[in-house]
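Q: Have a look at this one.
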Amino acid sequence: MRQFLKFVLATIVGLMAFAFIGFLLLVGVLVTAASSEDEVEIAQNSVLELKLDQPISERENPESLGSFMGGGSNASSGLDQIKEAIRRAKKDDNIKGIFLNVELVQAGMATLEEIRNELIDFKKSGKFVVAYNDLASEKSYYLASVANRIYLNPQGTLEFNGLSSETYYYKNLFEKLGIEPYIFRVGSFKSAVEPYFRDSMSDSARLQTSSFLNSMNEFMLSHVAKSRKIAPARLRVISDSMLVHNADDAKRLGLVTNLGYYDQALSFMKKKVGVEEDEKLGLVSLSTYQRGEDSGSKGSGFKRIAVIYADGDIVTGKGGNNDIGSTRFAEAIRQARLDDKVKAVVLRVNSPGGSSLASDIIYREVVLTKKVKPIVCSMSDVAASGGYFIAMACDTIVAHPNTITGSIGVFGVLPNIQPLMRDKLGITTDRVTTGKFSDLPTITRPLTAFEQQQLQEEVNRIYADFTTKAAKGRNMPVEKLRGYASGRVWSGSEAKERGLVDVLGSFEDALRIAARRANLEEGDYRLQSLPRQKTFVENIFESFGLEARQQLVKQELGPLYPMYEQYQKLIKLEGVQARMPFEMNIE
């Protein structure tokens, strides 16, 4: 019987291995077939459709499972590819215009600004931009406002009532569960830890949030006013008084040009490109238009500018696809520094921060690179706390006016779960130690006053190190810099006024500054993207594991998923953190 079971088990394992190998071979064949396809030929009188209905990352992984299997025309597009497609369409005689079909765009304000500026530049070619919305969020409308003609569904809605930011607080939840969080921080504005011991915003948190939100809102209103040729003061009244309740209001107030359905927007574009009404308009999706393009290295010449994309939370070790792992990114910067072909580096940062240790490891490589070649930082949607830490040593820091930055401060959180275990779960602990503090740090007993003092002093030391290095990088007295620190968050415009950033501009501005510092002429260099992106097979293994599990959890928890995400972030915190508030969702 035992021998029989062994044969059965071996057969099952063999069948599973055969099926798995067969699947990999099938994937390999499909990938080879897909990669061997000729570049798609764009027909005359075509229109590029930008349907930005998926989250926009800094750059696309061209061999991601999502991009191969489908899941939306722009399922895996990065900001760099979207901008490159718009630039290419501007010069493409077969593309006569852009159809902006955007409803609930999932991107930060700086990302939107970069796409919006590309659309404005596209219009300079004399080609048209048409936008259509059934529903338009504040961000979607900001993007659509540049269009020559803006269609809104007659029964649709347009949100135009200002920006808001909402934060979840867990104080009452912790009290019910029996969790006592010990908080160690420096600075009254370091509000990242407030959700753990408060049930509402502190006055300082409300002050800083109100300040940068109003700065970003004013910037947005001024640009919409320019695009729609409406006086800024009038536009401010429309927004503050929420005068837009329906599509008729949006049309009457001049925010949209036409009330119409999808087919009517298509009919207008047919007339623009000379296509008969009964014929099909040649709409080219972004993914189709990108096919055959090489997004890994652009430009020509032997010389290179390395672009290092630092996108996500900053963590120790290599990190994952969506993290800035200290080991992986230190290696990427080191690779660029030691490569003689690389004449300059652009560090593209989109991060709310994370581990202070990991930030310092990356910072060190930036300092070493600065000694031998130019390194310029380009801030995206957010470059705060640890995100600012890795940027502050660069030769020049370029930020968008609506970048969220600053948050120069650190904190530590150590929960005491003894009441939860003892009173709720009936679990107690006991310990044997060789010294008085051998079990520190611990989460299963209260901390003594002395232990709390020791941990707070360590946070104070790291804060002093952070601000001293920031002052050196910004070339200002440390006391002056600390006046802008204490964990306070600033908009890019506010940070520029205070010397925390040098230039207000885009990624392209940062690239031009880096090229100029390296004495490189346009067309005399190539762009090299770092760190290395994972291969298709590597992404398959990850997709079947982590991504599949995340999708199942999202479906199961629904609207509760954001709180689950916060829990996951909390349990991953290691050591002292240089991080801005967890929840900074701007709508």
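How things are named: the first chain in the structure tokens is A, the next is B, and so on; residues count from 1 in each chain; ligands count from 1 in the order shown.
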Applying 12 Å and only C-alpha atoms, which residues near segment 333-336 of chain A remain after dropping the ones on its own chain fewer than 2 positions away? List them as a ChimeraX atom specification.

A: /A:303-310,326-331,338-348,361-370,372-375,390,527-532

Q: When DSSP works through the backbone of this structure, what residues of segment 131-200 of chain A end up as strand (DSSP E), shown as JSON, numbers by chain?

A: {"A": [131, 132, 133, 134, 135, 136, 149, 150, 151, 152, 153, 154, 155, 156, 157, 158, 165, 166, 180, 181, 182, 183, 184, 185]}

Q: Show which residues sit within 9 Å of Val315 of chain A, as a compact mmCIF listing (two decimals) with N, CA, C and O atoms, in the first residue's frame. Count only C-alpha atoms, and ignore same-chain residues fewer than 2 positions away.

A:
```
# COMPACT_ATOMS: atom_id res chain seq x y z
N ASP A 313 7.41 53.36 -1.41
CA ASP A 313 7.92 53.47 -0.05
C ASP A 313 9.40 53.08 -0.01
O ASP A 313 9.84 52.21 -0.76
N GLY A 317 16.82 46.67 2.33
CA GLY A 317 16.94 45.50 1.49
C GLY A 317 16.64 45.81 0.04
O GLY A 317 16.64 46.97 -0.38
N LYS A 318 16.35 44.79 -0.74
CA LYS A 318 16.10 44.98 -2.17
C LYS A 318 14.73 45.55 -2.45
O LYS A 318 14.53 46.27 -3.42
N GLY A 319 13.73 45.24 -1.60
CA GLY A 319 12.38 45.74 -1.83
C GLY A 319 11.71 45.00 -2.96
O GLY A 319 12.28 44.12 -3.60
N ASP A 323 8.41 49.19 -4.28
CA ASP A 323 9.18 49.78 -3.18
C ASP A 323 10.51 50.33 -3.70
O ASP A 323 10.99 49.95 -4.76
N ILE A 324 11.09 51.21 -2.88
CA ILE A 324 12.44 51.70 -3.13
C ILE A 324 13.35 50.98 -2.14
O ILE A 324 13.55 51.41 -1.01
N GLY A 325 13.86 49.84 -2.56
CA GLY A 325 14.73 49.05 -1.69
C GLY A 325 16.11 49.68 -1.61
O GLY A 325 16.72 50.00 -2.63
N SER A 326 16.62 49.86 -0.39
CA SER A 326 17.89 50.57 -0.22
C SER A 326 19.03 49.87 -0.95
O SER A 326 19.87 50.53 -1.58
N GLY A 353 8.35 58.52 1.54
CA GLY A 353 9.39 58.22 2.52
C GLY A 353 9.29 56.80 3.04
O GLY A 353 8.70 55.92 2.41
N GLY A 354 9.89 56.58 4.19
CA GLY A 354 9.91 55.23 4.78
C GLY A 354 11.01 55.12 5.81
O GLY A 354 11.21 56.02 6.63
N SER A 355 11.77 54.06 5.73
CA SER A 355 12.83 53.80 6.70
C SER A 355 13.91 54.88 6.63
O SER A 355 14.44 55.19 5.56
N SER A 356 14.25 55.44 7.79
CA SER A 356 15.31 56.46 7.82
C SER A 356 16.66 55.84 7.50
O SER A 356 17.51 56.46 6.86
N LEU A 357 16.89 54.59 7.94
CA LEU A 357 18.14 53.90 7.64
C LEU A 357 18.27 53.68 6.13
O LEU A 357 19.32 53.97 5.53
N ALA A 358 17.21 53.17 5.51
CA ALA A 358 17.25 52.94 4.07
C ALA A 358 17.46 54.24 3.31
O ALA A 358 18.20 54.30 2.32
N SER A 359 16.81 55.32 3.77
CA SER A 359 16.97 56.63 3.12
C SER A 359 18.42 57.09 3.20
O SER A 359 18.96 57.65 2.23
N LEU A 573 6.65 48.44 9.45
CA LEU A 573 7.56 49.49 9.89
C LEU A 573 8.71 48.89 10.67
O LEU A 573 8.52 48.16 11.63
N GLU A 574 9.92 49.21 10.25
CA GLU A 574 11.11 48.73 10.94
C GLU A 574 12.00 49.91 11.27
O GLU A 574 12.38 50.69 10.39
```

Q: Would you mind listing, for every residue of segment 163-240 of chain A within 12 Å of segment 125-139 of chain A, the two atoms forming the shortest contact and the distance between them in Å to one decimal, using only C-alpha atoms, sorted by chain and ascending residue number, as a tab-separated table?

A:
```
residue	atom	partner	partner_atom	distance
A:Leu163	CA	A:Glu138	CA	7.7
A:Ser164	CA	A:Glu138	CA	10.4
A:Met216	CA	A:Lys139	CA	11.9
A:Asn217	CA	A:Glu138	CA	10.5
A:Met220	CA	A:Lys139	CA	9.5
A:Leu221	CA	A:Glu138	CA	10.8
A:Val224	CA	A:Glu138	CA	11.1
A:Ser239	CA	A:Glu138	CA	10.4
```

Q: List as CSV every residue of segment 81-128 of chain A that is in contact with segment 140-155 of chain A, defined as an atom at most 8 Å from one of its atoms (using only C-alpha atoms), together with the nearest atom pair and the distance in Å rounded to one decimal, sorted by chain and then rising number.

A:
```
residue,atom,partner,partner_atom,distance
A:Leu100,CA,A:Ala144,CA,7.0
A:Val102,CA,A:Ser140,CA,6.1
A:Glu103,CA,A:Ser140,CA,5.8
A:Leu104,CA,A:Ser140,CA,6.1
A:Val105,CA,A:Ser140,CA,5.6
A:Leu112,CA,A:Leu143,CA,6.6
A:Glu113,CA,A:Leu143,CA,7.9
A:Ile115,CA,A:Leu143,CA,7.8
A:Arg116,CA,A:Leu143,CA,5.7
A:Leu119,CA,A:Val146,CA,7.2
A:Ile120,CA,A:Val146,CA,6.6
A:Phe128,CA,A:Asn148,CA,6.3
```

Q: Which residues of segment 400-421 of chain A sit at most 8 Å from segment 484-498 of chain A, using only C-alpha atoms? Give each one's shortest atom pair and distance in Å (one decimal place), in chain and ascending residue order, as JSON lines.

A:
```
{"residue": "A:His400", "atom": "CA", "partner": "A:Gly492", "partner_atom": "CA", "distance": 5.6}
{"residue": "A:Pro401", "atom": "CA", "partner": "A:Gly492", "partner_atom": "CA", "distance": 4.3}
{"residue": "A:Asn402", "atom": "CA", "partner": "A:Gly492", "partner_atom": "CA", "distance": 5.3}
{"residue": "A:Thr403", "atom": "CA", "partner": "A:Gly492", "partner_atom": "CA", "distance": 4.7}
{"residue": "A:Ile404", "atom": "CA", "partner": "A:Ser491", "partner_atom": "CA", "distance": 4.8}
{"residue": "A:Thr405", "atom": "CA", "partner": "A:Trp490", "partner_atom": "CA", "distance": 5.4}
{"residue": "A:Gly406", "atom": "CA", "partner": "A:Val489", "partner_atom": "CA", "distance": 5.0}
{"residue": "A:Ser407", "atom": "CA", "partner": "A:Gly487", "partner_atom": "CA", "distance": 4.0}
{"residue": "A:Ile408", "atom": "CA", "partner": "A:Gly487", "partner_atom": "CA", "distance": 4.6}
{"residue": "A:Gly409", "atom": "CA", "partner": "A:Gly487", "partner_atom": "CA", "distance": 4.3}
{"residue": "A:Val410", "atom": "CA", "partner": "A:Gly487", "partner_atom": "CA", "distance": 7.3}
```

Q: Restrict the selected residues to N, CA and C atoms and save them as a PDB file, in the first residue's frame.

A:
```pdb
ATOM      1  N   HIS A 400       7.577  70.201  -9.186  1.00  0.00           N
ATOM      2  CA  HIS A 400       6.394  70.849  -9.736  1.00  0.00           C
ATOM      3  C   HIS A 400       5.819  71.803  -8.686  1.00  0.00           C
ATOM      4  N   PRO A 401       5.121  72.834  -9.097  1.00  0.00           N
ATOM      5  CA  PRO A 401       4.465  73.697  -8.104  1.00  0.00           C
ATOM      6  C   PRO A 401       3.512  72.927  -7.198  1.00  0.00           C
ATOM      7  N   ASN A 402       2.916  71.842  -7.719  1.00  0.00           N
ATOM      8  CA  ASN A 402       1.971  71.071  -6.909  1.00  0.00           C
ATOM      9  C   ASN A 402       2.545  69.748  -6.410  1.00  0.00           C
ATOM     10  N   THR A 403       3.865  69.627  -6.402  1.00  0.00           N
ATOM     11  CA  THR A 403       4.510  68.499  -5.719  1.00  0.00           C
ATOM     12  C   THR A 403       4.293  68.632  -4.222  1.00  0.00           C
ATOM     13  N   ILE A 404       4.118  67.517  -3.532  1.00  0.00           N
ATOM     14  CA  ILE A 404       4.071  67.498  -2.069  1.00  0.00           C
ATOM     15  C   ILE A 404       5.459  67.110  -1.583  1.00  0.00           C
ATOM     16  N   THR A 405       6.092  67.992  -0.817  1.00  0.00           N
ATOM     17  CA  THR A 405       7.466  67.727  -0.405  1.00  0.00           C
ATOM     18  C   THR A 405       7.695  68.224   1.013  1.00  0.00           C
ATOM     19  N   GLY A 406       8.955  68.225   1.426  1.00  0.00           N
ATOM     20  CA  GLY A 406       9.269  68.619   2.801  1.00  0.00           C
ATOM     21  C   GLY A 406       9.073  67.462   3.754  1.00  0.00           C
ATOM     22  N   SER A 407       8.280  67.685   4.801  1.00  0.00           N
ATOM     23  CA  SER A 407       8.049  66.682   5.848  1.00  0.00           C
ATOM     24  C   SER A 407       9.372  66.192   6.424  1.00  0.00           C
ATOM     25  N   ILE A 408      10.267  67.149   6.682  1.00  0.00           N
ATOM     26  CA  ILE A 408      11.587  66.816   7.222  1.00  0.00           C
ATOM     27  C   ILE A 408      11.427  66.503   8.703  1.00  0.00           C
ATOM     28  N   GLY A 409      11.365  65.246   9.022  1.00  0.00           N
ATOM     29  CA  GLY A 409      11.164  64.808  10.392  1.00  0.00           C
ATOM     30  C   GLY A 409      11.177  63.293  10.449  1.00  0.00           C
ATOM     31  N   VAL A 410      11.227  62.745  11.663  1.00  0.00           N
ATOM     32  CA  VAL A 410      11.269  61.296  11.848  1.00  0.00           C
ATOM     33  C   VAL A 410      10.352  60.917  13.001  1.00  0.00           C
TER      34      VAL A 410
END
```

Q: Tell me which protein, DNA and RNA residues are within 8 Å of segment 442-447 of chain A, counting only C-alpha atoms, leaving out same-chain ones fewer than 4 positions away, and put them as a PyMOL selection string.

A: chain A and resi 414-418+429+451-452

Q: Could you check the closest approach to Ser222 of chain A for each of A:Val349, A:Val413, A:Ala332, A:Leu235 and tell me which residue wins, using only C-alpha atoms?

A: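 Smallest distance to Ser222 of chain A is found for A:Leu235.
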
Q: Output as a list in words all residues of segment 134-202 of chain A that backbone DSSP marks as helix (DSSP H, G or I).

A: Glu138, Lys139, Ser140, Tyr141, Tyr142, Leu143, Ala144, Lys171, Asn172, Leu173, Phe174, Glu175, Lys176, Leu177, Ser191, Ala192, Val193, Glu194, Pro195, Tyr196 and Phe197 of chain A

Q: If we count only C-alpha atoms, what is near Asp93 of chain A at a cut-off of 8 Å, once residues fewer than 3 positions away on the same chain are taken out, given as a PyMOL selection string?

A: chain A and resi 44+89+96

Q: Tell me which protein, DNA and RNA residues are within 10 Å of Met476 of chain A, counting only C-alpha atoms, leaving out same-chain ones fewer than 6 positions away, and put them as a ChimeraX atom specification.

A: /A:468,470,499-500

Q: Keeping only N, CA and C atoms, write the selected residues as a PDB file, in the first residue's frame.

A:
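File out03.pdb, as written:
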```pdb
ATOM      1  N   THR A 468      20.708  68.284   9.815  1.00  0.00           N
ATOM      2  CA  THR A 468      22.075  68.750   9.557  1.00  0.00           C
ATOM      3  C   THR A 468      22.475  68.461   8.110  1.00  0.00           C
ATOM      4  N   ALA A 470      20.387  67.943   5.631  1.00  0.00           N
ATOM      5  CA  ALA A 470      19.521  68.735   4.755  1.00  0.00           C
ATOM      6  C   ALA A 470      20.037  70.165   4.642  1.00  0.00           C
ATOM      7  N   GLY A 499      13.545  77.755  -0.188  1.00  0.00           N
ATOM      8  CA  GLY A 499      14.858  77.224  -0.543  1.00  0.00           C
ATOM      9  C   GLY A 499      15.006  75.733  -0.382  1.00  0.00           C
ATOM     10  N   LEU A 500      13.888  75.019  -0.182  1.00  0.00           N
ATOM     11  CA  LEU A 500      13.969  73.566  -0.061  1.00  0.00           C
ATOM     12  C   LEU A 500      14.097  72.903  -1.424  1.00  0.00           C
TER      13      LEU A 500
END
```

Q: Which residues are near segment 169-179 of chain A? Cut-off 8 Å, only C-alpha atoms, ignore same chain within fewer than 3 positions. Put them as number ranges by chain.

A: A: 194-200, 415-420, 423-424

Q: With N, CA, C and O atoms retained, write the just-selected residues as a compact mmCIF listing (two decimals), in the first residue's frame.

A:
```txt
# COMPACT_ATOMS: atom_id res chain seq x y z
N GLU A 194 -0.14 60.68 14.02
CA GLU A 194 -1.38 61.13 14.67
C GLU A 194 -2.53 60.14 14.58
O GLU A 194 -3.31 60.02 15.52
N PRO A 195 -2.69 59.41 13.47
CA PRO A 195 -3.80 58.46 13.40
C PRO A 195 -3.77 57.40 14.48
O PRO A 195 -4.80 56.77 14.75
N TYR A 196 -2.62 57.20 15.15
CA TYR A 196 -2.51 56.14 16.14
C TYR A 196 -2.84 56.59 17.56
O TYR A 196 -3.09 55.75 18.43
N PHE A 197 -2.85 57.92 17.79
CA PHE A 197 -3.17 58.36 19.15
C PHE A 197 -4.18 59.50 19.20
O PHE A 197 -4.48 60.02 20.26
N ARG A 198 -4.73 59.89 18.04
CA ARG A 198 -5.75 60.93 17.99
C ARG A 198 -6.96 60.41 17.21
O ARG A 198 -6.87 59.42 16.48
N ASP A 199 -8.09 61.11 17.38
CA ASP A 199 -9.27 60.78 16.59
C ASP A 199 -9.63 61.89 15.61
O ASP A 199 -10.67 61.84 14.95
N SER A 200 -8.75 62.89 15.50
CA SER A 200 -8.96 63.98 14.54
C SER A 200 -7.63 64.69 14.33
O SER A 200 -6.65 64.43 15.04
N PRO A 415 3.93 49.48 19.43
CA PRO A 415 2.67 49.17 20.11
C PRO A 415 2.86 48.20 21.27
O PRO A 415 3.68 47.27 21.20
N ASN A 416 2.10 48.42 22.33
CA ASN A 416 2.02 47.47 23.43
C ASN A 416 0.71 46.71 23.29
O ASN A 416 -0.37 47.27 23.49
N ILE A 417 0.80 45.43 22.92
CA ILE A 417 -0.41 44.64 22.68
C ILE A 417 -0.74 43.73 23.86
O ILE A 417 -1.57 42.83 23.74
N GLN A 418 -0.11 43.96 25.01
CA GLN A 418 -0.38 43.12 26.18
C GLN A 418 -1.86 43.12 26.57
O GLN A 418 -2.44 42.05 26.82
N PRO A 419 -2.54 44.29 26.63
CA PRO A 419 -3.97 44.27 26.97
C PRO A 419 -4.80 43.48 25.96
O PRO A 419 -5.74 42.77 26.35
N LEU A 420 -4.46 43.58 24.68
CA LEU A 420 -5.19 42.82 23.66
C LEU A 420 -5.01 41.33 23.90
O LEU A 420 -6.00 40.56 23.88
N ASP A 423 -6.50 40.50 27.84
CA ASP A 423 -7.91 40.76 28.14
C ASP A 423 -8.86 40.30 27.04
O ASP A 423 -10.00 39.94 27.31
N LYS A 424 -8.41 40.34 25.80
CA LYS A 424 -9.29 39.97 24.69
C LYS A 424 -9.09 38.52 24.24
O LYS A 424 -10.05 37.85 23.88
```

Q: Quick check, in Å to one decimal: how far apart do atom CA of Tyr182 of chain A and atom CA of Met421 of chain A lie?

A: 16.9 Å
